[in-house]
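One file, model.txt, is given below (compact mmCIF, C-alpha atoms).
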# COMPACT_ATOMS: atom_id res chain seq x y z
CA MET C 1 122.41 88.11 84.32
CA THR C 2 120.12 85.19 83.53
CA HIS C 3 116.68 85.92 82.18
CA LEU C 4 113.50 84.27 81.02
CA SER C 5 110.82 85.67 78.72
CA VAL C 6 107.21 84.71 79.39
CA HIS C 7 103.85 85.38 77.80
CA SER C 8 101.22 87.21 79.86
CA PRO C 9 97.82 88.83 79.32
CA VAL C 10 99.57 92.23 79.36
CA GLY C 11 102.17 91.25 76.78
CA ALA C 12 105.51 89.52 76.74
CA LEU C 13 107.55 89.96 79.92
CA THR C 14 111.20 89.26 80.59
CA VAL C 15 112.37 88.59 84.12
CA PHE C 16 116.02 88.97 85.10
CA GLU C 17 117.81 87.18 87.93
CA ASP C 18 121.13 88.11 89.49
CA ALA C 19 122.84 86.49 92.48
CA GLY C 20 119.74 84.52 93.46
CA SER C 21 117.24 87.40 93.36
CA ILE C 22 114.85 88.90 90.84
CA VAL C 23 116.24 92.31 89.88
CA VAL C 24 114.23 93.45 86.84
CA LEU C 25 110.96 92.73 85.04
CA GLU C 26 110.59 94.37 81.63
CA TRP C 27 107.94 94.34 78.93
CA GLY C 28 109.02 92.59 75.76
CA ARG C 29 111.06 89.53 74.87
CA ALA C 30 114.81 89.40 75.30
CA PRO C 31 116.80 87.15 72.97
CA GLY C 32 118.27 83.99 74.39
CA GLY C 33 117.50 83.30 78.00
CA ASP C 34 118.10 80.57 80.48
CA THR C 35 116.10 78.76 83.03
CA THR C 36 116.95 78.54 86.69
CA PRO C 37 114.86 77.29 89.59
CA LEU C 38 114.15 80.91 90.59
CA LEU C 39 113.12 81.98 87.09
CA ASP C 40 110.91 78.89 86.80
CA GLU C 41 109.29 79.76 90.14
CA THR C 42 108.81 83.36 89.03
CA LYS C 43 107.08 82.17 85.87
CA ARG C 44 104.88 79.85 87.96
CA GLN C 45 103.91 82.70 90.29
CA LEU C 46 103.25 85.12 87.42
CA ASP C 47 101.03 82.53 85.72
CA ALA C 48 99.16 82.00 89.00
CA TYR C 49 98.76 85.77 89.48
CA PHE C 50 97.36 86.24 85.98
CA THR C 51 94.85 83.42 86.48
CA GLY C 52 93.71 84.80 89.86
CA ARG C 53 95.27 82.01 91.94
CA LEU C 54 98.01 84.15 93.56
CA THR C 55 97.48 87.37 95.48
CA LYS C 56 100.97 87.92 96.92
CA PHE C 57 104.29 87.09 95.33
CA ASP C 58 106.86 85.26 97.42
CA LEU C 59 110.17 85.70 95.62
CA PRO C 60 113.59 87.01 96.61
CA LEU C 61 113.75 90.53 95.18
CA HIS C 62 116.65 92.94 94.96
CA PRO C 63 115.58 96.10 93.17
CA GLN C 64 118.34 98.69 93.04
CA GLY C 65 117.66 102.37 93.48
CA THR C 66 118.11 105.24 95.88
CA PRO C 67 117.32 104.67 99.56
CA PHE C 68 114.02 106.56 99.04
CA GLN C 69 113.08 104.43 96.03
CA GLU C 70 113.94 101.18 97.79
CA ASP C 71 111.90 102.23 100.85
CA LEU C 72 108.92 103.04 98.63
CA TRP C 73 109.20 99.79 96.67
CA GLY C 74 109.13 97.88 99.96
CA ARG C 75 105.96 99.72 100.95
CA LEU C 76 104.31 98.96 97.61
CA SER C 77 104.61 95.25 98.31
CA ASP C 78 102.51 95.80 101.44
CA ILE C 79 99.51 97.15 99.48
CA PRO C 80 97.10 94.19 99.48
CA TYR C 81 95.87 92.56 96.29
CA GLY C 82 92.65 94.19 95.14
CA GLN C 83 93.30 97.46 96.98
CA VAL C 84 94.81 100.78 96.02
CA LEU C 85 96.58 103.58 97.85
CA THR C 86 97.06 107.14 96.63
CA TYR C 87 100.37 108.79 95.85
CA GLY C 88 99.47 111.36 98.51
CA ALA C 89 98.79 108.77 101.22
CA LEU C 90 102.11 107.08 100.53
CA ALA C 91 103.85 110.46 100.55
CA ASN C 92 102.30 111.31 103.93
CA HIS C 93 103.51 107.98 105.39
CA MET C 94 107.00 108.66 104.07
CA GLY C 95 107.18 112.37 104.92
CA SER C 96 107.60 113.17 101.25
CA ALA C 97 105.73 114.65 98.31
CA ALA C 98 103.28 112.86 96.03
CA ARG C 99 105.38 113.81 93.00
CA ALA C 100 108.45 112.08 94.51
CA VAL C 101 106.36 108.97 95.16
CA GLY C 102 105.12 109.02 91.57
CA GLY C 103 108.66 109.35 90.26
CA ALA C 104 109.84 106.40 92.35
CA CYS C 105 106.85 104.32 91.20
CA GLY C 106 107.81 105.10 87.61
CA ARG C 107 111.32 103.81 88.26
CA ASN C 108 110.16 100.54 89.83
CA PRO C 109 112.41 97.92 88.18
CA ILE C 110 110.13 94.98 89.06
CA PRO C 111 106.56 96.06 88.18
CA ILE C 112 103.65 93.67 88.76
CA ILE C 113 105.67 91.73 91.36
CA ILE C 114 106.28 95.03 93.20
CA PRO C 115 102.74 96.32 92.59
CA CYS C 116 103.17 99.98 91.61
CA HIS C 117 99.95 99.58 89.59
CA ARG C 118 98.09 99.70 92.93
CA VAL C 119 99.01 103.36 93.43
CA VAL C 120 96.50 105.87 92.10
CA ALA C 121 96.04 109.62 92.08
CA ALA C 122 93.68 111.52 94.35
CA GLY C 123 90.04 110.65 93.86
CA GLY C 124 90.92 107.21 92.50
CA ARG C 125 92.15 108.53 89.15
CA LEU C 126 94.74 106.27 87.58
CA GLY C 127 97.71 108.64 87.47
CA GLY C 128 100.58 107.25 85.42
CA PHE C 129 102.13 103.92 84.57
CA SER C 130 105.35 103.33 82.68
CA GLY C 131 104.96 99.61 81.91
CA GLY C 132 103.44 97.94 78.90
CA THR C 133 101.05 100.29 77.11
CA GLY C 134 100.85 102.71 80.02
CA LEU C 135 97.45 103.37 81.54
CA ASP C 136 95.78 100.60 79.55
CA THR C 137 98.14 98.10 81.18
CA LYS C 138 97.59 99.62 84.63
CA ARG C 139 93.83 99.43 84.10
CA ALA C 140 94.11 95.76 83.00
CA LEU C 141 96.15 94.83 86.09
CA LEU C 142 93.68 96.57 88.40
CA ARG C 143 90.72 94.90 86.68
CA LEU C 144 92.44 91.55 87.09
CA GLU C 145 92.47 92.26 90.84
CA GLY C 146 88.79 93.23 90.84
CA ILE C 147 89.30 97.00 90.97
CA VAL C 148 86.98 98.93 88.69
CA THR C 149 88.57 102.04 87.20
CA ASP C 150 87.37 104.97 85.12

Rewritten as structure tokens:
Amino acid sequence: MTHLSVHSPVGALTVFEDAGSIVVLEWGRAPGGDTTPLLDETKRQLDAYFTGRLTKFDLPLHPQGTPFQEDLWGRLSDIPYGQVLTYGALANHMGSAARAVGGACGRNPIPIIIPCHRVVAAGGRLGGFSGGTGLDTKRALLRLEGIVTD
């Protein structure tokens, strides 16, 4: 799998490409790395997102998970920039439970690009976040999008 590490306001990120699609985004730097046109474009879009010039990513994605997880991750990409949806609302749309939605959000292999940070608990509370430094990173991503949190 080819990968590229990039600097961001929420720490170092490493993006992985396989068979012409982005498959993973992780916090931290991975040794080595290559550049491909897709990884270069991903870096360009991430840079634009972090400077407020991009509100929707347009990249080929192929996250791998259960059918439920993949369905949820597709729905997350439909949450508009600068808006949030609750775990409960997503669960109602999917005929599931909020806890299952939260678990699938926590297993999102391509955070930021698949915006699991836009999912909050009831009453607008932040809930959880497994990327970066946890809730501080989620709060920073939401602030970047103009969403004021607790």

Counting all atoms listed in the file, select every polymer residue within 12 Å of (104.9, 98.4, 81.3) as defined in the file's coordinates, and provide the selection as an mmCIF file with C-alpha atoms, in the coordinates of the input.
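Result file follows (selection36.cif):
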data_model
loop_
_atom_site.group_PDB
_atom_site.id
_atom_site.type_symbol
_atom_site.label_atom_id
_atom_site.label_comp_id
_atom_site.auth_asym_id
_atom_site.auth_seq_id
_atom_site.Cartn_x
_atom_site.Cartn_y
_atom_site.Cartn_z
ATOM 1 C CA SER C 8 101.220 87.210 79.860
ATOM 2 C CA VAL C 10 99.570 92.230 79.360
ATOM 3 C CA GLY C 11 102.170 91.250 76.780
ATOM 4 C CA ALA C 12 105.510 89.520 76.740
ATOM 5 C CA LEU C 13 107.550 89.960 79.920
ATOM 6 C CA THR C 14 111.200 89.260 80.590
ATOM 7 C CA VAL C 24 114.230 93.450 86.840
ATOM 8 C CA LEU C 25 110.960 92.730 85.040
ATOM 9 C CA GLU C 26 110.590 94.370 81.630
ATOM 10 C CA TRP C 27 107.940 94.340 78.930
ATOM 11 C CA GLY C 28 109.020 92.590 75.760
ATOM 12 C CA CYS C 105 106.850 104.320 91.200
ATOM 13 C CA GLY C 106 107.810 105.100 87.610
ATOM 14 C CA ARG C 107 111.320 103.810 88.260
ATOM 15 C CA ASN C 108 110.160 100.540 89.830
ATOM 16 C CA PRO C 109 112.410 97.920 88.180
ATOM 17 C CA ILE C 110 110.130 94.980 89.060
ATOM 18 C CA PRO C 111 106.560 96.060 88.180
ATOM 19 C CA ILE C 112 103.650 93.670 88.760
ATOM 20 C CA PRO C 115 102.740 96.320 92.590
ATOM 21 C CA CYS C 116 103.170 99.980 91.610
ATOM 22 C CA HIS C 117 99.950 99.580 89.590
ATOM 23 C CA GLY C 128 100.580 107.250 85.420
ATOM 24 C CA PHE C 129 102.130 103.920 84.570
ATOM 25 C CA SER C 130 105.350 103.330 82.680
ATOM 26 C CA GLY C 131 104.960 99.610 81.910
ATOM 27 C CA GLY C 132 103.440 97.940 78.900
ATOM 28 C CA THR C 133 101.050 100.290 77.110
ATOM 29 C CA GLY C 134 100.850 102.710 80.020
ATOM 30 C CA LEU C 135 97.450 103.370 81.540
ATOM 31 C CA ASP C 136 95.780 100.600 79.550
ATOM 32 C CA THR C 137 98.140 98.100 81.180
ATOM 33 C CA LYS C 138 97.590 99.620 84.630
ATOM 34 C CA ARG C 139 93.830 99.430 84.100
ATOM 35 C CA ALA C 140 94.110 95.760 83.000
ATOM 36 C CA LEU C 141 96.150 94.830 86.090
#

>> As an exercise, work out the distance from atom CA of Val84 of chain C to atom CA of Leu39 of chain C in Å and give it to one decimal place.
In response: 27.7 Å

>> From the options C:Thr66, C:Ser21, C:Asp47, C:Leu38, which residue's atoms come nearest to Val6 of chain C, counting only C-alpha atoms?
In response: C:Asp47

>> For a quick check of your reading of the model, name the residues lying within 10 Å of the coordinate (115.7, 85.3, 76.1), counting all atoms listed in the file, and write them as a list in words.
In response: Thr2, His3, Leu4, Ser5, Val6, Thr14, Val15, Phe16, Gly28, Arg29, Ala30, Pro31, Gly32, Gly33, Asp34 and Thr35 of chain C

> In Å, with one decimal, what is the gap from atom CA of Phe50 of chain C to atom CA of Gly124 of chain C?
Replying inline: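 About the pair atom CA of Phe50 of chain C and atom CA of Gly124 of chain C: they are 22.9 Å apart.
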
> What separation in Å, quoted to one decimal, exists between atom CA of Pro63 of chain C and atom CA of Ile114 of chain C?
Replying inline: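 Taking atom CA of Pro63 of chain C as the start and atom CA of Ile114 of chain C as the end point, the length is 9.4 Å.
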
> Ala89 of chain C: which residues within 10 Å, counting all atoms listed in the file, same-chain residues fewer than 6 positions away excluded, as a list in words?
Replying inline: Gly95, Ser96, Ala97, Ala98, Val101, Val119, Val120, Ala121 and Ala122 of chain C

Using all atoms of segment 94-105 of chain C listed in the file and a margin of 6 Å per side, can you give the axis-aligned box centre and edge lengths in Å to one decimal, as JSON?
{"center_x": 106.6, "center_y": 109.5, "center_z": 97.6, "size_x": 18.6, "size_y": 22.3, "size_z": 26.7}

> If you count all atoms listed in the file, which residues fall within 10 Å of segment 51-58 of chain C, apart from same-chain ones fewer than 4 positions away, as a list in words?
Replying inline: Ser8, Pro9, Glu41, Thr42, Arg44, Gln45, Leu46, Asp47, Ser77, Asp78, Ile79, Pro80, Tyr81, Gly82, Ile112, Ile113, Ile114, Pro115, Leu144, Glu145 and Gly146 of chain C

>> Under the rule that only C-alpha atoms are counted, which of C:Ala100, C:Tyr87, C:Ala48, C:Asn92 is the nearest residue to Arg125 of chain C?
In response: C:Tyr87

Give me segment 110-129 of chain C with N, CA, C and O atoms filled in, as a PDB file, in the coordinates of the input.
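As a result, part_4.pdb now contains:
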ATOM      1  N   ILE C 110     110.775  96.299  89.031  1.00  0.00           N
ATOM      2  CA  ILE C 110     110.130  94.980  89.060  1.00  0.00           C
ATOM      3  C   ILE C 110     108.601  95.171  89.128  1.00  0.00           C
ATOM      4  O   ILE C 110     107.953  94.754  90.090  1.00  0.00           O
ATOM      5  N   PRO C 111     108.006  95.849  88.123  1.00  0.00           N
ATOM      6  CA  PRO C 111     106.560  96.060  88.180  1.00  0.00           C
ATOM      7  C   PRO C 111     105.808  94.732  88.181  1.00  0.00           C
ATOM      8  O   PRO C 111     106.365  93.695  87.865  1.00  0.00           O
ATOM      9  N   ILE C 112     104.572  94.799  88.562  1.00  0.00           N
ATOM     10  CA  ILE C 112     103.650  93.670  88.760  1.00  0.00           C
ATOM     11  C   ILE C 112     104.031  92.962  90.054  1.00  0.00           C
ATOM     12  O   ILE C 112     103.227  92.892  90.982  1.00  0.00           O
ATOM     13  N   ILE C 113     105.244  92.435  90.142  1.00  0.00           N
ATOM     14  CA  ILE C 113     105.670  91.730  91.360  1.00  0.00           C
ATOM     15  C   ILE C 113     105.783  92.725  92.513  1.00  0.00           C
ATOM     16  O   ILE C 113     105.342  92.440  93.630  1.00  0.00           O
ATOM     17  N   ILE C 114     106.365  93.900  92.266  1.00  0.00           N
ATOM     18  CA  ILE C 114     106.280  95.030  93.200  1.00  0.00           C
ATOM     19  C   ILE C 114     105.154  95.885  92.619  1.00  0.00           C
ATOM     20  O   ILE C 114     105.334  96.550  91.607  1.00  0.00           O
ATOM     21  N   PRO C 115     103.974  95.851  93.237  1.00  0.00           N
ATOM     22  CA  PRO C 115     102.740  96.320  92.590  1.00  0.00           C
ATOM     23  C   PRO C 115     102.547  97.840  92.555  1.00  0.00           C
ATOM     24  O   PRO C 115     101.638  98.384  93.181  1.00  0.00           O
ATOM     25  N   CYS C 116     103.343  98.533  91.760  1.00  0.00           N
ATOM     26  CA  CYS C 116     103.170  99.980  91.610  1.00  0.00           C
ATOM     27  C   CYS C 116     101.852 100.316  90.923  1.00  0.00           C
ATOM     28  O   CYS C 116     101.355 101.435  91.041  1.00  0.00           O
ATOM     29  N   HIS C 117     101.254  99.342  90.234  1.00  0.00           N
ATOM     30  CA  HIS C 117      99.950  99.580  89.590  1.00  0.00           C
ATOM     31  C   HIS C 117      98.850  99.823  90.616  1.00  0.00           C
ATOM     32  O   HIS C 117      97.793 100.339  90.266  1.00  0.00           O
ATOM     33  N   ARG C 118      99.091  99.500  91.886  1.00  0.00           N
ATOM     34  CA  ARG C 118      98.090  99.700  92.930  1.00  0.00           C
ATOM     35  C   ARG C 118      98.129 101.104  93.534  1.00  0.00           C
ATOM     36  O   ARG C 118      97.425 101.380  94.497  1.00  0.00           O
ATOM     37  N   VAL C 119      98.937 101.976  92.964  1.00  0.00           N
ATOM     38  CA  VAL C 119      99.010 103.360  93.430  1.00  0.00           C
ATOM     39  C   VAL C 119      98.275 104.235  92.429  1.00  0.00           C
ATOM     40  O   VAL C 119      98.543 104.183  91.234  1.00  0.00           O
ATOM     41  N   VAL C 120      97.335 105.025  92.953  1.00  0.00           N
ATOM     42  CA  VAL C 120      96.500 105.870  92.100  1.00  0.00           C
ATOM     43  C   VAL C 120      96.576 107.313  92.570  1.00  0.00           C
ATOM     44  O   VAL C 120      97.035 107.602  93.678  1.00  0.00           O
ATOM     45  N   ALA C 121      96.083 108.203  91.741  1.00  0.00           N
ATOM     46  CA  ALA C 121      96.040 109.620  92.080  1.00  0.00           C
ATOM     47  C   ALA C 121      94.849 109.894  92.988  1.00  0.00           C
ATOM     48  O   ALA C 121      93.996 109.028  93.217  1.00  0.00           O
ATOM     49  N   ALA C 122      94.786 111.117  93.485  1.00  0.00           N
ATOM     50  CA  ALA C 122      93.680 111.520  94.350  1.00  0.00           C
ATOM     51  C   ALA C 122      92.355 111.274  93.651  1.00  0.00           C
ATOM     52  O   ALA C 122      92.240 111.391  92.425  1.00  0.00           O
ATOM     53  N   GLY C 123      91.362 110.898  94.418  1.00  0.00           N
ATOM     54  CA  GLY C 123      90.040 110.650  93.860  1.00  0.00           C
ATOM     55  C   GLY C 123      89.933 109.348  93.090  1.00  0.00           C
ATOM     56  O   GLY C 123      88.951 109.112  92.405  1.00  0.00           O
ATOM     57  N   GLY C 124      90.955 108.501  93.184  1.00  0.00           N
ATOM     58  CA  GLY C 124      90.920 107.210  92.500  1.00  0.00           C
ATOM     59  C   GLY C 124      91.292 107.262  91.034  1.00  0.00           C
ATOM     60  O   GLY C 124      91.207 106.253  90.340  1.00  0.00           O
ATOM     61  N   ARG C 125      91.708 108.453  90.547  1.00  0.00           N
ATOM     62  CA  ARG C 125      92.150 108.530  89.150  1.00  0.00           C
ATOM     63  C   ARG C 125      93.410 107.683  88.983  1.00  0.00           C
ATOM     64  O   ARG C 125      94.179 107.509  89.915  1.00  0.00           O
ATOM     65  N   LEU C 126      93.645 107.207  87.791  1.00  0.00           N
ATOM     66  CA  LEU C 126      94.740 106.270  87.580  1.00  0.00           C
ATOM     67  C   LEU C 126      96.127 106.867  87.749  1.00  0.00           C
ATOM     68  O   LEU C 126      97.042 106.186  88.171  1.00  0.00           O
ATOM     69  N   GLY C 127      96.343 108.108  87.408  1.00  0.00           N
ATOM     70  CA  GLY C 127      97.710 108.640  87.470  1.00  0.00           C
ATOM     71  C   GLY C 127      98.496 108.087  86.291  1.00  0.00           C
ATOM     72  O   GLY C 127      97.972 107.945  85.206  1.00  0.00           O
ATOM     73  N   GLY C 128      99.751 107.735  86.508  1.00  0.00           N
ATOM     74  CA  GLY C 128     100.580 107.250  85.420  1.00  0.00           C
ATOM     75  C   GLY C 128     100.981 105.799  85.583  1.00  0.00           C
ATOM     76  O   GLY C 128     100.748 105.192  86.620  1.00  0.00           O
ATOM     77  N   PHE C 129     101.582 105.274  84.532  1.00  0.00           N
ATOM     78  CA  PHE C 129     102.130 103.920  84.570  1.00  0.00           C
ATOM     79  C   PHE C 129     103.104 103.796  83.423  1.00  0.00           C
ATOM     80  O   PHE C 129     102.770 104.099  82.277  1.00  0.00           O
TER      81      PHE C 129
END
